[in-house]
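Participant: To start, I am sharing the structure in question, which I have written as structure tokens.
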Amino acid sequence: MTIKQALISVSDKTGIVEFARELRRLGVTILSTGGTARLLKDAGLTVIEVSDYTGFPEMLDGRVKTLHPKIHAGILARKDSPEHMAAMEKAGFSGIELVVVNLYPFSQTVARSDCSLEEAIENIDIGGPTMVRAAAKNYKSVTVVTDPEDYAPLLEEMKSAGGAVGQELRFQLACKAFSHTAAYDSAISNYLTAIGPEDEPPGQRQAFPACLNLNFSISQHLRYGENPHQQAAFYRDLAPASGSLASYTQLQGKELSYNNIADADAAWECVKTFDLPACVIIKHANPCGVAVADTPLAAYQLAFATDPTSAFGGIIAFNRALDGAAAEAVIKQFVEVVIAPELSDDAKQILARKTNVRVLALPLQAGGNTFDFKRVGGGLLVQTPDNLNVAEAQLKVVTKVQPTPQQLQDLLFAWRVAKFVKSNAIVYCAHGQTLGVGAGQMSRVDSARIASIKAQNAGLALAGSVVASDAFFPFRDGLDVVVQAGAKAVIQPGGSVRDEEVIAAADEQGVAMVLTGVRHFRH
Ligand SMILES: NC(=O)c1ncn([C@@H]2O[C@H](COP(=O)(O)O)[C@@H](O)[C@H]2O)c1NC=O
């Protein structure tokens, strides 16, 4: 479909002058709205103002600019329909073969904490989506562009095809256009259904919209899901939070699997919470070894030592640049995925010896998802993420014995790890290293037993260790198990009806206990 006439009306004016200049070189007539037309004219381009074209001036503060039959008939007329063409001729209208529109910045506007409802409403674009949807519907006759990233490929195609655009690209751009307006309307619906009919101060807004619209775009089709008989795909947020897993760059290795991505996320979120150089090894969504040390190599060696059996086929994440020494150690074990903020050239070369190992580089930045989701039959559970990190000042010592400064440091480390272990979680630690992890048990006392068995299997002594419990001890039995195993200090939320009995048991056995006042269930 050869492009003779284009309509350009954009809020985001990135690259528009250069693009329009190339269109003019290809002999395209340009129709344009107020601000866009001014910009193009100032750049020396010949442009027809939409208001001159329709003979109808913009009105109502720009609420009506392009909403005119001459524009919409030009976009919606089917070139392959003799009836449409005859009707156009009778009306004296000409066709518009290219629509270049991007919308008022609604999401950016409402993201501002001082945005009023009135301002939000004025940033709801009406004429733009109308043209975009019309052009996308009529993609067999019209090309629609909503993203400046598409200017270059479109020009390339037009230049190579004498000013025409093929059906494949027109269809692709139409799909993108409908996704664009869907995401736009989703943002409006999410915003408006989260507030009342009156303009409320932003602080009083409900966090949860009455109608929750989610927009994700496909990042990759996966070979299969959690199991080979399940089909799967990975979708990314349209704008992933900074430093989140979806922003990874894969440097080498086999294609990521569904389980790889889930475990890589757990590893990355966990390792990101540490300030010191840290290493986290994940298996089946649980940390099987975590450590902080002076170097990535030392952190890896300590993390691996926690549970070498489970580390087999694990996902390993670092919060520091991976150097050659650490890479050399890592490739000695069977590893599925290695993640680091960056990798030295040495590390890259060493990992390249194991061509199957997936290596991901991810910017180490703060930021995370706004909501966590869990699908249940016929519904969706939504919550804010568990991004609470307890500080030393918030801890309450409840026993006669006070923890030593070293124990306090280890208790905080153990507490951070416990947050990433499936409940019921029991985590033994010492000197910035996990010694035994009990995960996902239905009873806390069993988790405590399993964690000590695992430490024993790894040849790690628990005498003098500290231990974290992700939620309170409902009875003294769990505490008795960890003390018997050798723990000398315990961190737990408190809040059980039997707290007194549990604290008395700690006093009786001469161990220190600190309460966090918050729990970290993870399911
Ligand atoms: N009302 C209309 O008829 C209308 N037609 C186009 N727009 C929008 O106006 C913006 C461009 O305006 P300008 O060219 O004046 O900078 C674009 O984001 C476009 O989507 C309109 N604005 C809002 O609805």
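Just remember, in the structure tokens the first chain shown is A, the second B, etc., residues are 1-based per chain, and ligands are 1-based in the order shown.
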Distance limit 9 Å, reference ligand 1, atoms considered: only C-alpha atoms and all ligand atoms. Which residues make the cut? Give them as a VMD selection string.

Facilitator: chain A and resid 8 to 13 32 to 39 58 to 68 101 to 105 122 to 132

Participant: Against segment 414-434 of chain A, which residues of segment 359-408 of chain A fall within 8 Å? For each one I want the closest pair of atoms and the distance in Å (one decimal), counting only C-alpha atoms, rows by chain and increasing residue number, as a tab-separated table.

Facilitator:
```
residue	atom	partner	partner_atom	distance
A:Asn389	CA	A:Arg416	CA	7.4
A:Gln406	CA	A:His431	CA	7.6
A:Gln407	CA	A:Ala430	CA	7.9
```

Participant: Could you save those same residues with C-alpha atoms as an mmCIF file, in the first residue's frame?

Facilitator:
```
data_model
loop_
_atom_site.group_PDB
_atom_site.id
_atom_site.type_symbol
_atom_site.label_atom_id
_atom_site.label_comp_id
_atom_site.auth_asym_id
_atom_site.auth_seq_id
_atom_site.Cartn_x
_atom_site.Cartn_y
_atom_site.Cartn_z
ATOM 1 C CA ASN A 389 13.933 -5.346 56.189
ATOM 2 C CA GLN A 406 28.723 -10.976 66.398
ATOM 3 C CA GLN A 407 25.575 -12.942 67.190
#
```

Participant: Write out as a short mmCIF file (atom, residue, chain, number, x, y, z; two decimals) with N, CA and C atoms, in the first residue's frame all residues of segment 111-314 of chain A that backbone DSSP assigns to alpha helix (DSSP H).

Facilitator:
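So part.cif came out as:
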```
data_model
loop_
_atom_site.label_atom_id
_atom_site.label_comp_id
_atom_site.auth_asym_id
_atom_site.auth_seq_id
_atom_site.Cartn_x
_atom_site.Cartn_y
_atom_site.Cartn_z
N ALA A 111 1.54 9.43 37.74
CA ALA A 111 2.61 8.92 38.61
C ALA A 111 3.12 10.03 39.55
N LEU A 117 -7.10 15.13 40.19
CA LEU A 117 -8.01 14.37 39.31
C LEU A 117 -8.27 15.15 38.02
N GLU A 118 -8.41 16.48 38.16
CA GLU A 118 -8.68 17.31 36.98
C GLU A 118 -7.55 17.19 35.95
N GLU A 119 -6.32 17.23 36.48
CA GLU A 119 -5.17 17.13 35.58
C GLU A 119 -5.13 15.76 34.91
N ALA A 120 -5.45 14.73 35.72
CA ALA A 120 -5.47 13.36 35.17
C ALA A 120 -6.50 13.27 34.05
N ILE A 121 -7.68 13.81 34.30
CA ILE A 121 -8.76 13.73 33.29
C ILE A 121 -8.34 14.45 32.00
N GLU A 122 -7.70 15.61 32.14
CA GLU A 122 -7.29 16.35 30.94
C GLU A 122 -6.22 15.59 30.17
N GLY A 127 -8.95 11.96 20.97
CA GLY A 127 -8.78 11.97 19.52
C GLY A 127 -7.69 11.01 19.06
N GLY A 128 -6.60 10.92 19.85
CA GLY A 128 -5.47 10.06 19.47
C GLY A 128 -5.86 8.59 19.39
N PRO A 129 -6.41 8.01 20.50
CA PRO A 129 -6.80 6.60 20.43
C PRO A 129 -7.85 6.33 19.34
N THR A 130 -8.70 7.34 19.09
CA THR A 130 -9.73 7.14 18.06
C THR A 130 -9.08 6.93 16.70
N MET A 131 -8.07 7.77 16.42
CA MET A 131 -7.37 7.61 15.13
C MET A 131 -6.56 6.32 15.09
N VAL A 132 -5.91 6.00 16.23
CA VAL A 132 -5.06 4.81 16.28
C VAL A 132 -5.92 3.56 16.05
N ARG A 133 -7.08 3.50 16.72
CA ARG A 133 -7.92 2.31 16.60
C ARG A 133 -8.50 2.22 15.19
N ALA A 134 -8.86 3.38 14.63
CA ALA A 134 -9.42 3.38 13.28
C ALA A 134 -8.37 2.87 12.28
N ALA A 135 -7.16 3.38 12.41
CA ALA A 135 -6.09 3.00 11.48
C ALA A 135 -5.73 1.52 11.66
N ALA A 136 -5.73 1.06 12.92
CA ALA A 136 -5.36 -0.34 13.17
C ALA A 136 -6.44 -1.27 12.62
N LYS A 137 -7.70 -0.86 12.79
CA LYS A 137 -8.80 -1.67 12.24
C LYS A 137 -8.68 -1.77 10.72
N TYR A 151 9.87 4.17 13.61
CA TYR A 151 10.06 5.08 12.47
C TYR A 151 11.12 4.52 11.50
N ALA A 152 12.23 4.10 12.05
CA ALA A 152 13.34 3.66 11.19
C ALA A 152 12.97 2.43 10.35
N PRO A 153 12.46 1.33 10.98
CA PRO A 153 12.10 0.18 10.14
C PRO A 153 11.04 0.50 9.09
N LEU A 154 10.12 1.41 9.44
CA LEU A 154 9.08 1.76 8.47
C LEU A 154 9.70 2.47 7.26
N LEU A 155 10.59 3.42 7.56
CA LEU A 155 11.23 4.16 6.46
C LEU A 155 12.04 3.22 5.57
N GLU A 156 12.70 2.28 6.23
CA GLU A 156 13.52 1.33 5.47
C GLU A 156 12.65 0.57 4.46
N GLU A 157 11.50 0.10 4.98
CA GLU A 157 10.59 -0.65 4.10
C GLU A 157 10.06 0.24 2.98
N MET A 158 9.66 1.48 3.34
CA MET A 158 9.12 2.37 2.31
C MET A 158 10.16 2.68 1.24
N LYS A 159 11.41 2.88 1.69
CA LYS A 159 12.47 3.23 0.73
C LYS A 159 12.73 2.07 -0.22
N SER A 160 12.66 0.86 0.33
CA SER A 160 12.98 -0.28 -0.53
C SER A 160 11.79 -0.68 -1.40
N GLN A 167 1.88 -5.76 3.73
CA GLN A 167 0.81 -6.20 4.64
C GLN A 167 1.36 -6.72 5.98
N GLU A 168 2.50 -7.41 5.92
CA GLU A 168 3.04 -8.00 7.16
C GLU A 168 3.36 -6.91 8.19
N LEU A 169 4.06 -5.88 7.74
CA LEU A 169 4.42 -4.79 8.65
C LEU A 169 3.18 -4.02 9.10
N ARG A 170 2.24 -3.84 8.19
CA ARG A 170 1.01 -3.11 8.55
C ARG A 170 0.25 -3.87 9.64
N PHE A 171 0.20 -5.20 9.50
CA PHE A 171 -0.52 -6.01 10.49
C PHE A 171 0.19 -5.96 11.85
N GLN A 172 1.51 -6.11 11.78
CA GLN A 172 2.34 -6.08 13.01
C GLN A 172 2.15 -4.74 13.75
N LEU A 173 2.15 -3.65 12.99
CA LEU A 173 1.99 -2.33 13.62
C LEU A 173 0.57 -2.13 14.14
N ALA A 174 -0.40 -2.74 13.47
CA ALA A 174 -1.80 -2.64 13.94
C ALA A 174 -1.96 -3.38 15.26
N CYS A 175 -1.33 -4.56 15.39
CA CYS A 175 -1.40 -5.31 16.65
C CYS A 175 -0.78 -4.48 17.76
N LYS A 176 0.36 -3.88 17.44
CA LYS A 176 1.05 -3.07 18.44
C LYS A 176 0.17 -1.87 18.84
N ALA A 177 -0.53 -1.31 17.87
CA ALA A 177 -1.39 -0.15 18.14
C ALA A 177 -2.53 -0.52 19.07
N PHE A 178 -3.17 -1.68 18.82
CA PHE A 178 -4.26 -2.10 19.71
C PHE A 178 -3.73 -2.40 21.11
N SER A 179 -2.53 -2.97 21.21
CA SER A 179 -1.94 -3.24 22.53
C SER A 179 -1.68 -1.91 23.24
N HIS A 180 -1.25 -0.92 22.45
CA HIS A 180 -0.94 0.40 22.98
C HIS A 180 -2.19 1.05 23.57
N THR A 181 -3.29 1.03 22.81
CA THR A 181 -4.51 1.68 23.33
C THR A 181 -5.11 0.85 24.48
N ALA A 182 -4.92 -0.49 24.43
CA ALA A 182 -5.42 -1.33 25.53
C ALA A 182 -4.68 -0.99 26.81
N ALA A 183 -3.35 -0.85 26.71
CA ALA A 183 -2.55 -0.52 27.90
C ALA A 183 -2.91 0.89 28.40
N TYR A 184 -3.18 1.77 27.46
CA TYR A 184 -3.53 3.15 27.80
C TYR A 184 -4.85 3.17 28.58
N ASP A 185 -5.84 2.48 28.04
CA ASP A 185 -7.15 2.45 28.72
C ASP A 185 -7.05 1.68 30.04
N SER A 186 -6.17 0.67 30.11
CA SER A 186 -5.97 -0.06 31.37
C SER A 186 -5.46 0.88 32.44
N ALA A 187 -4.52 1.72 32.06
CA ALA A 187 -3.94 2.65 33.04
C ALA A 187 -5.01 3.62 33.54
N ILE A 188 -5.88 4.07 32.63
CA ILE A 188 -6.95 4.99 33.03
C ILE A 188 -7.92 4.28 33.96
N SER A 189 -8.31 3.08 33.59
CA SER A 189 -9.26 2.32 34.41
C SER A 189 -8.66 2.01 35.79
N ASN A 190 -7.41 1.58 35.82
CA ASN A 190 -6.77 1.27 37.11
C ASN A 190 -6.74 2.51 38.01
N TYR A 191 -6.43 3.64 37.38
CA TYR A 191 -6.32 4.88 38.15
C TYR A 191 -7.69 5.30 38.69
N LEU A 192 -8.67 5.37 37.79
CA LEU A 192 -9.97 5.90 38.20
C LEU A 192 -10.70 4.97 39.16
N TYR A 258 11.27 -22.36 32.23
CA TYR A 258 10.29 -21.79 33.18
C TYR A 258 10.85 -21.84 34.60
N ASN A 259 11.35 -23.03 35.01
CA ASN A 259 11.87 -23.16 36.38
C ASN A 259 13.13 -22.32 36.58
N ASN A 260 13.95 -22.22 35.53
CA ASN A 260 15.15 -21.37 35.62
C ASN A 260 14.76 -19.93 35.96
N ILE A 261 13.74 -19.43 35.27
CA ILE A 261 13.35 -18.03 35.45
C ILE A 261 12.79 -17.83 36.86
N ALA A 262 11.96 -18.78 37.30
CA ALA A 262 11.37 -18.66 38.66
C ALA A 262 12.49 -18.69 39.71
N ASP A 263 13.43 -19.61 39.55
CA ASP A 263 14.50 -19.73 40.55
C ASP A 263 15.50 -18.56 40.45
N ALA A 264 15.73 -18.10 39.23
CA ALA A 264 16.64 -16.96 39.06
C ALA A 264 16.06 -15.73 39.76
N ASP A 265 14.75 -15.58 39.70
CA ASP A 265 14.11 -14.45 40.37
C ASP A 265 14.31 -14.54 41.88
N ALA A 266 14.11 -15.75 42.42
CA ALA A 266 14.29 -15.94 43.88
C ALA A 266 15.75 -15.63 44.26
N ALA A 267 16.69 -16.12 43.44
CA ALA A 267 18.11 -15.92 43.74
C ALA A 267 18.46 -14.43 43.69
N TRP A 268 17.97 -13.77 42.66
CA TRP A 268 18.32 -12.36 42.46
C TRP A 268 17.71 -11.48 43.56
N GLU A 269 16.42 -11.72 43.87
CA GLU A 269 15.78 -10.91 44.91
C GLU A 269 16.48 -11.11 46.25
N CYS A 270 16.91 -12.34 46.52
CA CYS A 270 17.58 -12.63 47.79
C CYS A 270 18.96 -11.96 47.84
N VAL A 271 19.76 -12.15 46.79
CA VAL A 271 21.14 -11.64 46.83
C VAL A 271 21.15 -10.11 46.87
N LYS A 272 20.13 -9.51 46.27
CA LYS A 272 20.05 -8.04 46.23
C LYS A 272 19.88 -7.41 47.62
N PRO A 296 33.55 -12.29 46.09
CA PRO A 296 32.56 -13.22 45.54
C PRO A 296 33.02 -14.68 45.68
N LEU A 297 34.32 -14.92 45.52
CA LEU A 297 34.82 -16.31 45.64
C LEU A 297 34.56 -16.85 47.04
N ALA A 298 34.94 -16.08 48.06
CA ALA A 298 34.76 -16.55 49.43
C ALA A 298 33.27 -16.73 49.74
N ALA A 299 32.45 -15.82 49.25
CA ALA A 299 31.00 -15.93 49.49
C ALA A 299 30.47 -17.21 48.83
N TYR A 300 30.93 -17.47 47.60
CA TYR A 300 30.47 -18.68 46.90
C TYR A 300 30.89 -19.94 47.66
N GLN A 301 32.17 -19.97 48.08
CA GLN A 301 32.66 -21.18 48.74
C GLN A 301 31.86 -21.47 50.02
N LEU A 302 31.55 -20.42 50.76
CA LEU A 302 30.78 -20.62 52.00
C LEU A 302 29.34 -21.04 51.68
N ALA A 303 28.75 -20.42 50.66
CA ALA A 303 27.36 -20.76 50.30
C ALA A 303 27.29 -22.21 49.82
N PHE A 304 28.26 -22.59 49.01
CA PHE A 304 28.29 -23.96 48.48
C PHE A 304 28.44 -24.98 49.60
N ALA A 305 29.27 -24.62 50.59
CA ALA A 305 29.55 -25.56 51.69
C ALA A 305 28.31 -25.87 52.53
N THR A 306 27.30 -25.00 52.49
CA THR A 306 26.09 -25.23 53.29
C THR A 306 25.43 -26.56 52.92
N PRO A 308 26.30 -28.95 49.65
CA PRO A 308 26.83 -29.24 48.32
C PRO A 308 25.93 -30.19 47.53
N THR A 309 25.23 -31.07 48.21
CA THR A 309 24.37 -32.02 47.49
C THR A 309 23.25 -31.27 46.79
N SER A 310 22.58 -30.37 47.52
CA SER A 310 21.45 -29.64 46.92
C SER A 310 21.92 -28.60 45.91
N ALA A 311 23.14 -28.10 46.07
CA ALA A 311 23.64 -27.06 45.15
C ALA A 311 23.80 -27.59 43.73
#
```

Participant: Between atom CA of Thr404 of chain A and atom CA of Pro277 of chain A, what is the spacing in Å?

Facilitator: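 Value for the atom CA of Pro277 of chain A-atom CA of Thr404 of chain A distance: 22.9 Å.
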
Participant: Please provide the set of residues having any atom within 8 Å of Leu251 of chain A, restricted to only C-alpha atoms, with same-chain residues fewer than 5 positions apart removed, written as a ChimeraX atom specification.

Facilitator: /A:358-361

Participant: Restricting it to N, CA and C atoms, dump the selection as a PDB file, in the first residue's frame.

Facilitator:
```
ATOM      1  N   ARG A 358      23.744 -21.046  31.569  1.00  0.00           N
ATOM      2  CA  ARG A 358      23.107 -19.768  31.229  1.00  0.00           C
ATOM      3  C   ARG A 358      23.732 -18.698  32.126  1.00  0.00           C
ATOM      4  N   VAL A 359      24.167 -17.611  31.521  1.00  0.00           N
ATOM      5  CA  VAL A 359      24.787 -16.533  32.304  1.00  0.00           C
ATOM      6  C   VAL A 359      23.982 -15.246  32.069  1.00  0.00           C
ATOM      7  N   LEU A 360      23.510 -14.678  33.170  1.00  0.00           N
ATOM      8  CA  LEU A 360      22.698 -13.463  33.064  1.00  0.00           C
ATOM      9  C   LEU A 360      23.398 -12.295  33.738  1.00  0.00           C
ATOM     10  N   ALA A 361      23.406 -11.163  33.059  1.00  0.00           N
ATOM     11  CA  ALA A 361      23.908  -9.922  33.667  1.00  0.00           C
ATOM     12  C   ALA A 361      22.690  -9.040  33.941  1.00  0.00           C
TER      13      ALA A 361
END
```

Participant: Taking the DSSP assignment computed from this structure's backbone, write out as a list in words all residues of segment 105-253 of chain A that belong to strand (DSSP E).

Facilitator: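 DSSP-assigned strand (DSSP E) residues in segment 105-253 of chain A: Thr143, Val144, Val145, Phe216, Ser217, Ile218, Ser219, Gln220, His221, Leu222, Ala232, Ala233, Phe234, Tyr235, Arg236, Asp237, Thr249, Gln250, Leu251 and Gln252 of chain A.
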
Participant: Take the selection from the previous step and output its residues with N, CA and C atoms, as a compact mmCIF listing (two decimals), in the first residue's frame.

Facilitator:
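Result file is selection-v4.txt:
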```txt
# COMPACT_ATOMS: atom_id res chain seq x y z
N THR A 143 -1.33 2.28 7.44
CA THR A 143 -0.24 1.92 8.36
C THR A 143 -0.35 2.81 9.58
N VAL A 144 -0.19 2.23 10.77
CA VAL A 144 -0.29 3.03 11.99
C VAL A 144 0.99 2.88 12.82
N VAL A 145 1.52 3.99 13.29
CA VAL A 145 2.76 3.96 14.07
C VAL A 145 2.51 4.67 15.39
N PHE A 216 1.07 -7.08 30.08
CA PHE A 216 2.43 -7.62 29.96
C PHE A 216 2.66 -7.96 28.49
N SER A 217 3.90 -7.88 28.05
CA SER A 217 4.16 -8.26 26.66
C SER A 217 5.04 -9.49 26.64
N ILE A 218 4.85 -10.31 25.64
CA ILE A 218 5.58 -11.59 25.62
C ILE A 218 7.07 -11.34 25.44
N SER A 219 7.84 -12.00 26.27
CA SER A 219 9.28 -11.87 26.19
C SER A 219 9.85 -13.10 25.49
N GLN A 220 9.34 -14.26 25.84
CA GLN A 220 9.76 -15.46 25.13
C GLN A 220 8.78 -16.61 25.33
N HIS A 221 8.68 -17.43 24.29
CA HIS A 221 7.93 -18.68 24.41
C HIS A 221 8.88 -19.68 25.04
N LEU A 222 8.42 -20.38 26.05
CA LEU A 222 9.31 -21.34 26.73
C LEU A 222 9.04 -22.74 26.20
N ALA A 232 4.19 -23.01 28.20
CA ALA A 232 4.55 -21.84 29.01
C ALA A 232 5.16 -20.72 28.17
N ALA A 233 5.08 -19.54 28.71
CA ALA A 233 5.71 -18.36 28.09
C ALA A 233 6.11 -17.41 29.20
N PHE A 234 7.04 -16.52 28.90
CA PHE A 234 7.47 -15.51 29.87
C PHE A 234 7.02 -14.14 29.36
N TYR A 235 6.28 -13.43 30.19
CA TYR A 235 5.81 -12.09 29.85
C TYR A 235 6.52 -11.06 30.72
N ARG A 236 6.82 -9.95 30.13
CA ARG A 236 7.47 -8.87 30.89
C ARG A 236 6.47 -7.74 31.13
N ASP A 237 6.68 -7.06 32.25
CA ASP A 237 5.97 -5.81 32.48
C ASP A 237 6.26 -4.88 31.32
N THR A 249 20.19 -9.53 30.72
CA THR A 249 20.79 -9.77 29.42
C THR A 249 21.44 -11.14 29.51
N GLN A 250 21.09 -12.04 28.61
CA GLN A 250 21.70 -13.39 28.66
C GLN A 250 22.97 -13.37 27.84
N LEU A 251 24.08 -13.63 28.52
CA LEU A 251 25.38 -13.55 27.85
C LEU A 251 25.76 -14.84 27.15
N GLN A 252 25.29 -15.94 27.66
CA GLN A 252 25.61 -17.23 27.03
C GLN A 252 24.66 -18.30 27.56
```

Participant: Find the residue from A:His284, A:His520, A:Arg375, A:Lys354 that sits nearest to Leu388 of chain A; use only C-alpha atoms when measuring.

Facilitator: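 Counting only C-alpha atoms, the residue closest to Leu388 of chain A is A:His520.
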
Participant: Between atom CA of Leu435 of chain A and atom CA of Ser452 of chain A, what is the spacing in Å?

Facilitator: 8.3 Å
